[in-house]
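Shown here: start.cif, mmCIF, C-alpha atoms, pLDDT in the B column; chains and numbers go by the auth columns.
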data_query
loop_
_atom_site.group_PDB
_atom_site.id
_atom_site.type_symbol
_atom_site.label_atom_id
_atom_site.label_comp_id
_atom_site.label_asym_id
_atom_site.label_seq_id
_atom_site.Cartn_x
_atom_site.Cartn_y
_atom_site.Cartn_z
_atom_site.B_iso_or_equiv
_atom_site.auth_seq_id
_atom_site.auth_asym_id
ATOM 1 C CA MET A 1 0.000 0.000 0.000 59.00 32 A
ATOM 2 C CA ASN A 2 1.222 3.490 -0.867 65.00 33 A
ATOM 3 C CA THR A 3 1.708 5.579 2.291 67.00 34 A
ATOM 4 C CA ALA A 4 2.518 8.844 0.515 69.00 35 A
ATOM 5 C CA LYS A 5 0.801 11.873 2.033 73.00 36 A
ATOM 6 C CA PHE A 6 -0.914 14.287 -0.284 65.00 37 A
ATOM 7 C CA PRO A 7 -0.897 17.973 0.584 65.00 38 A
ATOM 8 C CA ALA A 8 -4.202 19.541 1.629 67.00 39 A
ATOM 9 C CA ARG A 9 -3.180 22.666 -0.252 68.00 40 A
ATOM 10 C CA LEU A 10 -0.668 23.528 -2.957 69.00 41 A
ATOM 11 C CA GLU A 11 2.192 25.750 -1.891 74.00 42 A
ATOM 12 C CA LYS A 12 1.604 28.025 -4.920 77.00 43 A
ATOM 13 C CA ASP A 13 -2.094 27.680 -5.759 76.00 44 A
ATOM 14 C CA PRO A 14 -2.739 28.376 -9.476 85.00 45 A
ATOM 15 C CA ILE A 15 -6.374 29.466 -8.929 85.00 46 A
ATOM 16 C CA VAL A 16 -6.794 33.184 -9.572 88.00 47 A
ATOM 17 C CA ASP A 17 -10.576 33.456 -9.741 91.00 48 A
ATOM 18 C CA CYS A 18 -13.386 31.483 -8.101 95.00 49 A
ATOM 19 C CA ILE A 19 -17.051 32.253 -8.839 97.00 50 A
ATOM 20 C CA ILE A 20 -20.066 30.306 -7.646 97.00 51 A
ATOM 21 C CA GLU A 21 -23.374 31.227 -9.290 97.00 52 A
ATOM 22 C CA LEU A 22 -26.959 30.262 -8.531 97.00 53 A
ATOM 23 C CA ARG A 23 -29.576 31.079 -11.182 95.00 54 A
ATOM 24 C CA PHE A 24 -33.230 31.082 -10.225 94.00 55 A
ATOM 25 C CA LYS A 25 -36.733 32.413 -10.806 92.00 56 A
ATOM 26 C CA MET A 26 -38.456 34.705 -8.355 88.00 57 A
ATOM 27 C CA GLY A 27 -41.798 33.753 -6.860 81.00 58 A
ATOM 28 C CA SER A 28 -43.266 36.898 -8.453 81.00 59 A
ATOM 29 C CA ASP A 29 -42.074 40.069 -10.155 75.00 60 A
ATOM 30 C CA SER A 30 -43.140 42.129 -7.163 74.00 61 A
ATOM 31 C CA VAL A 31 -40.619 40.435 -4.821 80.00 62 A
ATOM 32 C CA ALA A 32 -37.631 40.909 -7.146 78.00 63 A
ATOM 33 C CA GLY A 33 -37.195 44.482 -5.942 84.00 64 A
ATOM 34 C CA VAL A 34 -37.013 43.515 -2.269 92.00 65 A
ATOM 35 C CA PHE A 35 -34.797 40.451 -2.733 94.00 66 A
ATOM 36 C CA PRO A 36 -31.429 42.298 -2.406 95.00 67 A
ATOM 37 C CA GLY A 37 -32.534 43.974 0.825 94.00 68 A
ATOM 38 C CA VAL A 38 -33.846 40.754 2.350 95.00 69 A
ATOM 39 C CA LEU A 39 -30.634 38.921 1.420 96.00 70 A
ATOM 40 C CA TYR A 40 -28.481 41.776 2.716 96.00 71 A
ATOM 41 C CA SER A 41 -30.183 41.613 6.104 96.00 72 A
ATOM 42 C CA GLN A 42 -29.018 37.989 6.361 96.00 73 A
ATOM 43 C CA ILE A 43 -25.408 38.387 5.181 97.00 74 A
ATOM 44 C CA LYS A 44 -24.470 41.960 6.185 96.00 75 A
ATOM 45 C CA GLU A 45 -22.241 40.758 9.018 96.00 76 A
ATOM 46 C CA ASP A 46 -19.853 39.176 6.506 96.00 77 A
ATOM 47 C CA PHE A 47 -20.536 41.655 3.671 97.00 78 A
ATOM 48 C CA PRO A 48 -21.088 45.061 5.300 97.00 79 A
ATOM 49 C CA GLU A 49 -20.619 47.267 2.231 97.00 80 A
ATOM 50 C CA MET A 50 -23.462 47.513 -0.301 97.00 81 A
ATOM 51 C CA ARG A 51 -23.170 49.204 -3.732 97.00 82 A
ATOM 52 C CA ASN A 52 -25.377 49.508 -6.794 97.00 83 A
ATOM 53 C CA THR A 53 -23.764 48.522 -10.078 97.00 84 A
ATOM 54 C CA PRO A 54 -24.202 50.423 -13.367 97.00 85 A
ATOM 55 C CA VAL A 55 -26.714 47.767 -14.514 96.00 86 A
ATOM 56 C CA ALA A 56 -29.057 48.965 -11.756 95.00 87 A
ATOM 57 C CA GLU A 57 -29.613 52.130 -13.842 96.00 88 A
ATOM 58 C CA ILE A 58 -31.223 50.090 -16.641 94.00 89 A
ATOM 59 C CA PRO A 59 -35.006 49.852 -16.166 93.00 90 A
ATOM 60 C CA LYS A 60 -36.190 46.495 -14.822 88.00 91 A
ATOM 61 C CA ASN A 61 -38.480 45.821 -17.818 89.00 92 A
ATOM 62 C CA VAL A 62 -35.487 46.244 -20.168 92.00 93 A
ATOM 63 C CA ARG A 63 -33.333 43.930 -18.022 89.00 94 A
ATOM 64 C CA ALA A 64 -36.139 41.342 -17.962 85.00 95 A
ATOM 65 C CA ALA A 65 -36.454 41.395 -21.766 90.00 96 A
ATOM 66 C CA ASP A 66 -32.738 40.766 -22.321 91.00 97 A
ATOM 67 C CA GLU A 67 -31.608 37.345 -21.127 84.00 98 A
ATOM 68 C CA ASN A 68 -28.019 38.541 -20.720 83.00 99 A
ATOM 69 C CA LEU A 69 -29.009 41.433 -18.451 90.00 100 A
ATOM 70 C CA ARG A 70 -31.204 39.205 -16.310 88.00 101 A
ATOM 71 C CA TYR A 71 -28.067 37.640 -14.830 92.00 102 A
ATOM 72 C CA HIS A 72 -25.933 40.813 -14.491 94.00 103 A
ATOM 73 C CA ALA A 73 -25.645 42.129 -10.963 96.00 104 A
ATOM 74 C CA THR A 74 -27.539 45.241 -9.939 96.00 105 A
ATOM 75 C CA VAL A 75 -26.204 45.194 -6.368 97.00 106 A
ATOM 76 C CA GLU A 76 -22.947 43.969 -4.865 98.00 107 A
ATOM 77 C CA PHE A 77 -22.197 43.233 -1.230 98.00 108 A
ATOM 78 C CA ILE A 78 -18.521 43.519 -0.369 98.00 109 A
ATOM 79 C CA GLY A 79 -16.747 41.712 2.444 97.00 110 A
ATOM 80 C CA ILE A 80 -13.218 40.917 3.510 95.00 111 A
ATOM 81 C CA TRP A 81 -12.898 37.662 1.586 93.00 112 A
ATOM 82 C CA GLY A 82 -15.051 38.408 -1.463 96.00 113 A
ATOM 83 C CA LYS A 83 -18.261 39.754 -2.965 98.00 114 A
ATOM 84 C CA VAL A 84 -21.851 38.650 -3.374 98.00 115 A
ATOM 85 C CA LEU A 85 -23.347 40.002 -6.589 98.00 116 A
ATOM 86 C CA VAL A 86 -27.133 40.045 -6.816 97.00 117 A
ATOM 87 C CA ALA A 87 -29.011 40.177 -10.125 94.00 118 A
ATOM 88 C CA ASP A 88 -32.700 39.895 -10.946 90.00 119 A
ATOM 89 C CA SER A 89 -32.339 36.137 -11.476 91.00 120 A
ATOM 90 C CA SER A 90 -29.016 35.124 -9.961 95.00 121 A
ATOM 91 C CA VAL A 91 -26.560 35.417 -7.119 97.00 122 A
ATOM 92 C CA GLN A 92 -22.809 35.156 -7.630 97.00 123 A
ATOM 93 C CA ILE A 93 -20.232 34.563 -4.944 98.00 124 A
ATOM 94 C CA ARG A 94 -16.781 35.849 -5.935 97.00 125 A
ATOM 95 C CA VAL A 95 -13.784 34.886 -3.834 96.00 126 A
ATOM 96 C CA ASN A 96 -10.887 37.346 -3.537 94.00 127 A
ATOM 97 C CA TYR A 97 -7.391 36.489 -4.723 92.00 128 A
ATOM 98 C CA PRO A 98 -5.409 34.696 -3.398 91.00 129 A
ATOM 99 C CA TYR A 99 -7.755 31.718 -3.363 90.00 130 A
ATOM 100 C CA PRO A 100 -7.958 30.489 0.254 91.00 131 A
ATOM 101 C CA GLY A 101 -8.702 26.852 -0.617 89.00 132 A
ATOM 102 C CA TRP A 102 -11.916 24.862 -0.866 90.00 133 A
ATOM 103 C CA SER A 103 -11.912 24.060 2.858 91.00 134 A
ATOM 104 C CA GLU A 104 -12.519 27.794 3.510 93.00 135 A
ATOM 105 C CA VAL A 105 -14.668 28.569 0.464 95.00 136 A
ATOM 106 C CA GLU A 106 -17.171 25.714 0.818 95.00 137 A
ATOM 107 C CA PRO A 107 -18.642 26.594 4.247 96.00 138 A
ATOM 108 C CA ARG A 108 -18.821 30.294 3.352 96.00 139 A
ATOM 109 C CA ALA A 109 -20.517 29.588 0.027 96.00 140 A
ATOM 110 C CA LEU A 110 -22.989 27.177 1.616 96.00 141 A
ATOM 111 C CA LYS A 111 -23.853 29.780 4.258 96.00 142 A
ATOM 112 C CA ILE A 112 -24.583 32.383 1.567 97.00 143 A
ATOM 113 C CA LEU A 113 -26.578 29.948 -0.578 96.00 144 A
ATOM 114 C CA LYS A 114 -28.606 28.939 2.487 96.00 145 A
ATOM 115 C CA SER A 115 -29.331 32.636 3.096 96.00 146 A
ATOM 116 C CA VAL A 116 -30.575 32.940 -0.509 95.00 147 A
ATOM 117 C CA VAL A 117 -32.908 29.978 -0.027 94.00 148 A
ATOM 118 C CA ASP A 118 -34.006 31.231 3.405 94.00 149 A
ATOM 119 C CA THR A 119 -35.336 34.484 1.904 94.00 150 A
ATOM 120 C CA GLY A 120 -38.321 32.402 0.778 92.00 151 A
ATOM 121 C CA LEU A 121 -38.638 34.573 -2.345 93.00 152 A
ATOM 122 C CA ILE A 122 -37.391 32.112 -4.952 92.00 153 A
ATOM 123 C CA SER A 123 -39.836 29.791 -6.693 90.00 154 A
ATOM 124 C CA ASP A 124 -37.561 27.691 -8.881 93.00 155 A
ATOM 125 C CA TYR A 125 -33.832 27.030 -9.293 93.00 156 A
ATOM 126 C CA GLU A 126 -32.363 26.942 -12.800 94.00 157 A
ATOM 127 C CA ARG A 127 -28.761 25.940 -12.121 95.00 158 A
ATOM 128 C CA ILE A 128 -25.753 26.263 -9.876 95.00 159 A
ATOM 129 C CA SER A 129 -22.262 26.466 -11.294 95.00 160 A
ATOM 130 C CA TRP A 130 -18.674 26.906 -10.188 92.00 161 A
ATOM 131 C CA LEU A 131 -16.057 28.657 -12.290 89.00 162 A
ATOM 132 C CA ILE A 132 -12.443 28.402 -11.313 87.00 163 A
ATOM 133 C CA SER A 133 -9.804 30.157 -13.442 89.00 164 A
ATOM 134 C CA VAL A 134 -6.137 29.278 -13.321 82.00 165 A
#

So that I can check it, write out the structure of this file as structure tokens.
Amino acid sequence: MNTAKFPARLEKDPIVDCIIELRFKMGSDSVAGVFPGVLYSQIKEDFPEMRNTPVAEIPKNVRAADENLRYHATVEFIGIWGKVLVADSSVQIRVNYPYPGWSEVEPRALKILKSVVDTGLISDYERISWLISV
């Protein structure tokens, strides 16, 4: 039997960008406007700074008609280890460089995703994806 020990983390991690995205449908159009505020109330301890993005200036009916804009963030919450970007139909979790390792990212991401679900405003989930760039 091979008794070699594998490292839990690479000494020079090649990951430069880590994004986790959840795409969904809101329960109704009327709750889409309150979703960022409800989510912020649940994650503001870890992401205290809140900013509107330039996409927020585009009227909601225009964003809804363009599939690409539907998933572009209108609000971003900024914390020490990353950002949470909130769009009309998605939430992205972006981890700051240097990548801290999956053992740190996973519990943080699960906590945020649980907060999204706990808002009770989402009716259907389209997909969840991870993007890691090296």

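For A:Tyr71, the non-local neighbours within 12 Å, defined as residues at least 5 positions apart in the same chain or in other chains and counting only C-alpha atoms, are Val65, Phe66, Glu76, Asp77, Phe78, Pro79, Glu80, Met81, Arg82, Val106, Glu107, Phe108, Ile109, Gly110, Lys114, Val115, Leu116, Val117, Val122, Ile143, Ser146, Val147, Asp149 and Thr150 of chain A.
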
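The nearest approach to A:Ile50 among the residues A:Leu152, A:Val165, A:Leu141, A:Ile124, with only C-alpha atoms taken into account, belongs to A:Ile124.
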
Applied to the shown file, which residues does the PyMOL selection byres ((chain A and resi 103) around 12) return, written as a count of residues only?
30

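Taking atom CA of A:Gly132 and atom CA of A:Cys49 as endpoints, the distance between them is 10.0 Å.
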
Report as a count of residues only the full result of the PyMOL selection byres ((chain A and resi 55) around 8) when it is applied to this structure.
12
